[in-house]
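**Student:** My structure is stored as target.pdb, with PDB, C-alpha atoms, pLDDT in the B column.
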```
ATOM      1  CA  MET A  13       0.000   0.000   0.000  1.00 46.00           C
ATOM      2  CA  ASN A  14       1.161   3.511  -0.741  1.00 48.00           C
ATOM      3  CA  GLN A  15       2.391   5.010   2.563  1.00 53.00           C
ATOM      4  CA  GLN A  16       0.849   8.420   1.745  1.00 58.00           C
ATOM      5  CA  LYS A  17      -2.645   6.895   1.599  1.00 88.00           C
ATOM      6  CA  LYS A  18      -2.403   5.176   4.979  1.00 94.00           C
ATOM      7  CA  GLN A  19      -4.659   6.652   7.654  1.00 97.00           C
ATOM      8  CA  ALA A  20      -5.074   5.946  11.360  1.00 98.00           C
ATOM      9  CA  VAL A  21      -8.106   5.946  13.645  1.00 98.00           C
ATOM     10  CA  HIS A  22      -8.102   5.608  17.426  1.00 98.00           C
ATOM     11  CA  LEU A  23     -11.439   4.339  18.701  1.00 98.00           C
ATOM     12  CA  TRP A  24     -13.353   3.396  21.822  1.00 98.00           C
ATOM     13  CA  VAL A  25     -16.299   0.996  21.718  1.00 98.00           C
ATOM     14  CA  THR A  26     -18.994   1.135  24.404  1.00 98.00           C
ATOM     15  CA  GLY A  27     -21.632  -1.483  25.224  1.00 98.00           C
ATOM     16  CA  LYS A  28     -21.537  -5.201  25.912  1.00 98.00           C
ATOM     17  CA  VAL A  29     -18.122  -5.615  24.289  1.00 98.00           C
ATOM     18  CA  GLN A  30     -16.099  -7.519  26.886  1.00 98.00           C
ATOM     19  CA  GLY A  31     -16.557 -11.228  27.496  1.00 98.00           C
ATOM     20  CA  VAL A  32     -18.114 -11.651  24.026  1.00 98.00           C
ATOM     21  CA  SER A  33     -14.946 -12.301  21.937  1.00 98.00           C
ATOM     22  CA  TYR A  34     -14.997  -8.759  20.531  1.00 98.00           C
ATOM     23  CA  ARG A  35     -11.189  -8.542  20.419  1.00 98.00           C
ATOM     24  CA  TYR A  36     -10.887 -11.957  18.747  1.00 98.00           C
ATOM     25  CA  TYR A  37     -13.380 -11.096  15.999  1.00 98.00           C
ATOM     26  CA  THR A  38     -11.826  -7.636  15.573  1.00 98.00           C
ATOM     27  CA  THR A  39      -8.484  -9.312  14.902  1.00 98.00           C
ATOM     28  CA  ILE A  40     -10.005 -11.648  12.308  1.00 98.00           C
ATOM     29  CA  GLU A  41     -11.724  -8.765  10.495  1.00 98.00           C
ATOM     30  CA  ALA A  42      -8.605  -6.565  10.626  1.00 98.00           C
ATOM     31  CA  GLU A  43      -6.456  -9.339   9.177  1.00 98.00           C
ATOM     32  CA  ARG A  44      -9.045 -10.002   6.456  1.00 98.00           C
ATOM     33  CA  LEU A  45      -8.947  -6.305   5.464  1.00 98.00           C
ATOM     34  CA  ARG A  46      -5.168  -6.013   5.966  1.00 98.00           C
ATOM     35  CA  VAL A  47      -5.712  -3.350   8.623  1.00 98.00           C
ATOM     36  CA  LYS A  48      -2.853  -2.971  11.109  1.00 98.00           C
ATOM     37  CA  GLY A  49      -2.840  -1.840  14.740  1.00 98.00           C
ATOM     38  CA  TRP A  50      -4.162  -3.243  17.987  1.00 98.00           C
ATOM     39  CA  VAL A  51      -7.200  -3.829  20.201  1.00 98.00           C
ATOM     40  CA  ARG A  52      -7.536  -4.141  23.990  1.00 98.00           C
ATOM     41  CA  ASN A  53     -10.053  -4.206  26.833  1.00 98.00           C
ATOM     42  CA  LEU A  54     -10.207  -1.216  29.163  1.00 98.00           C
ATOM     43  CA  PRO A  55     -10.913  -1.452  32.920  1.00 98.00           C
ATOM     44  CA  ASP A  56     -14.150   0.558  32.489  1.00 98.00           C
ATOM     45  CA  GLY A  57     -15.711  -2.099  30.219  1.00 98.00           C
ATOM     46  CA  ARG A  58     -14.983  -0.441  26.886  1.00 98.00           C
ATOM     47  CA  VAL A  59     -12.783  -1.769  24.088  1.00 98.00           C
ATOM     48  CA  GLU A  60     -10.048   0.484  22.673  1.00 98.00           C
ATOM     49  CA  ALA A  61      -8.456   0.004  19.268  1.00 98.00           C
ATOM     50  CA  TRP A  62      -5.974   1.623  16.913  1.00 98.00           C
ATOM     51  CA  LEU A  63      -6.588   0.954  13.219  1.00 98.00           C
ATOM     52  CA  GLU A  64      -4.312   1.799  10.287  1.00 98.00           C
ATOM     53  CA  GLY A  65      -4.979   1.241   6.610  1.00 98.00           C
ATOM     54  CA  GLY A  66      -6.351   2.743   3.447  1.00 97.00           C
ATOM     55  CA  PRO A  67      -9.521   4.872   3.558  1.00 97.00           C
ATOM     56  CA  GLU A  68     -11.724   2.142   2.091  1.00 97.00           C
ATOM     57  CA  GLU A  69     -10.466  -0.571   4.453  1.00 97.00           C
ATOM     58  CA  LEU A  70     -10.857   1.697   7.471  1.00 98.00           C
ATOM     59  CA  GLU A  71     -14.422   2.611   6.477  1.00 97.00           C
ATOM     60  CA  ILE A  72     -15.349  -1.088   6.252  1.00 98.00           C
ATOM     61  CA  MET A  73     -13.577  -1.822   9.545  1.00 98.00           C
ATOM     62  CA  LEU A  74     -15.332   1.052  11.334  1.00 98.00           C
ATOM     63  CA  GLN A  75     -18.714  -0.155  10.075  1.00 98.00           C
ATOM     64  CA  TRP A  76     -17.835  -3.616  11.360  1.00 98.00           C
ATOM     65  CA  CYS A  77     -16.943  -2.182  14.796  1.00 98.00           C
ATOM     66  CA  TRP A  78     -20.560  -1.021  15.178  1.00 98.00           C
ATOM     67  CA  GLN A  79     -21.663  -4.659  14.787  1.00 96.00           C
ATOM     68  CA  GLY A  80     -18.781  -6.439  16.513  1.00 97.00           C
ATOM     69  CA  SER A  81     -18.749 -10.082  17.473  1.00 97.00           C
ATOM     70  CA  PRO A  82     -21.956 -12.149  17.301  1.00 97.00           C
ATOM     71  CA  ALA A  83     -22.667 -11.754  21.053  1.00 97.00           C
ATOM     72  CA  ALA A  84     -21.684  -8.067  21.294  1.00 98.00           C
ATOM     73  CA  VAL A  85     -24.163  -5.243  21.844  1.00 98.00           C
ATOM     74  CA  VAL A  86     -22.455  -2.062  20.659  1.00 98.00           C
ATOM     75  CA  GLU A  87     -23.896   1.174  22.019  1.00 98.00           C
ATOM     76  CA  ALA A  88     -21.353   3.654  20.638  1.00 98.00           C
ATOM     77  CA  VAL A  89     -18.097   3.902  18.716  1.00 98.00           C
ATOM     78  CA  HIS A  90     -16.129   7.073  19.382  1.00 98.00           C
ATOM     79  CA  THR A  91     -13.354   7.812  16.890  1.00 98.00           C
ATOM     80  CA  GLN A  92     -10.415  10.170  16.634  1.00 98.00           C
ATOM     81  CA  CYS A  93      -8.231  10.583  13.536  1.00 97.00           C
ATOM     82  CA  GLU A  94      -4.539  10.121  14.270  1.00 98.00           C
ATOM     83  CA  THR A  95      -1.162  10.125  12.548  1.00 97.00           C
ATOM     84  CA  PRO A  96      -0.226   6.601  11.372  1.00 97.00           C
ATOM     85  CA  GLN A  97       2.435   4.814  13.428  1.00 97.00           C
ATOM     86  CA  TYR A  98       2.964   2.207  10.652  1.00 96.00           C
ATOM     87  CA  TYR A  99       2.279  -0.940  12.645  1.00 97.00           C
ATOM     88  CA  ARG A 100       3.312  -4.111  10.827  1.00 97.00           C
ATOM     89  CA  GLN A 101       0.517  -6.356  12.088  1.00 98.00           C
ATOM     90  CA  PHE A 102      -2.690  -6.389  14.111  1.00 98.00           C
ATOM     91  CA  GLU A 103      -2.520  -7.633  17.689  1.00 98.00           C
ATOM     92  CA  VAL A 104      -4.498  -8.022  20.879  1.00 98.00           C
ATOM     93  CA  ARG A 105      -2.951  -6.005  23.699  1.00 97.00           C
ATOM     94  CA  ARG A 106      -3.337  -6.837  27.369  1.00 89.00           C
TER      95      ARG A 106
END
```
Turn the structure described in the file into structure tokens.
**Tutor:**
Amino acid sequence: MNQQKKQAVHLWVTGKVQGVSYRYYTTIEAERLRVKGWVRNLPDGRVEAWLEGGPEELEIMLQWCWQGSPAAVVEAVHTQCETPQYYRQFEVRR
């Protein structure tokens, strides 16, 4: 991918998103779309993620985040545009 076209989004997902394999399914979807970055649970019950990729891939990934894993109930997805850090893979952080 052309480095100039890479974008980054920092996001926080609110709802029933912990204990429902949200991070696992996020990783599968990110790898399918070739999106890089990370995802992790927060102590307050939200999920936080950093996504990097092309505009089209990020749009698809953000739409997916509103659905999440099969057992998730997403109430909100708050996003913030960021400067890409050029991650090489997508990972679950602890």
**Student:** Return the single residue from A:Val32, A:Leu63, A:Val86, A:Leu54 that is closest to Gln101 (chain A), with distances computed using all atoms listed in the file.
**Tutor:**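 When distances to Gln101 (chain A) are compared using all atoms listed in the file, the smallest one comes from A:Leu63.
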**Student:** Quick one: residues within 7 Å of region 55-62 of chain A, all atoms listed in the file, excluding same-chain residues fewer than 4 positions away - as number ranges by chain?
**Tutor:** A: 21-27, 29-30, 49-51
**Student:** What does the structure give for the distance between CA of Arg106 (chain A) and CA of Asn53 (chain A), in Å to one decimal?
**Tutor:**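 That distance, rounded to one decimal, is 7.2 Å.
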**Student:** Near Cys77 (chain A), within 9 Å and counting all atoms listed in the file, which residues show up once chain neighbours fewer than 3 positions away are dropped, as number ranges by chain?
**Tutor:** A: 25, 34, 38, 72-74, 80-81, 86, 89
**Student:** Have a look at CA of Val85 (chain A) and CA of Lys28 (chain A) and let me know their distance in Å, one decimal.
**Tutor:**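 Computed distance, CA of Val85 (chain A) to CA of Lys28 (chain A), equals 4.8 Å.
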**Student:** Pick out the closest residue to Glu41 (chain A) from this set: A:Ala20, A:Phe102, A:Gly66, A:Thr91. Count all atoms listed in the file.
**Tutor:**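 Using all atoms listed in the file, Glu41 (chain A) sits closest to A:Phe102.
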**Student:** Ranking A:Tyr37, A:Glu71, A:Glu64, A:Arg44 by minimum distance to Glu94 (chain A) and counting only C-alpha atoms, which one comes first?
**Tutor:**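 Ranking A:Tyr37, A:Glu71, A:Glu64, A:Arg44 by distance to Glu94 (chain A), first place goes to A:Glu64.
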**Student:** Please provide as a PyMOL selection string all residues within 12 Å of Lys18 (chain A), with the sequence filter that same-chain residues fewer than 2 positions apart are discarded (counting only C-alpha atoms).
**Tutor:** chain A and resi 13-16+20-21+46-48+63-70+93-99
**Student:** So the first atom is CA of Gln75 (chain A) and the second is CA of Arg105 (chain A); what is the distance between them in Å, to one decimal place?
**Tutor:**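 Calculated distance between CA of Gln75 (chain A) and CA of Arg105 (chain A) is 21.6 Å.
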**Student:** Just checking: using all atoms listed in the file, which residue out of A:Lys17, A:Arg52, A:His90, A:Arg100 ends up closest to Arg35 (chain A)?
**Tutor:** A:Arg52
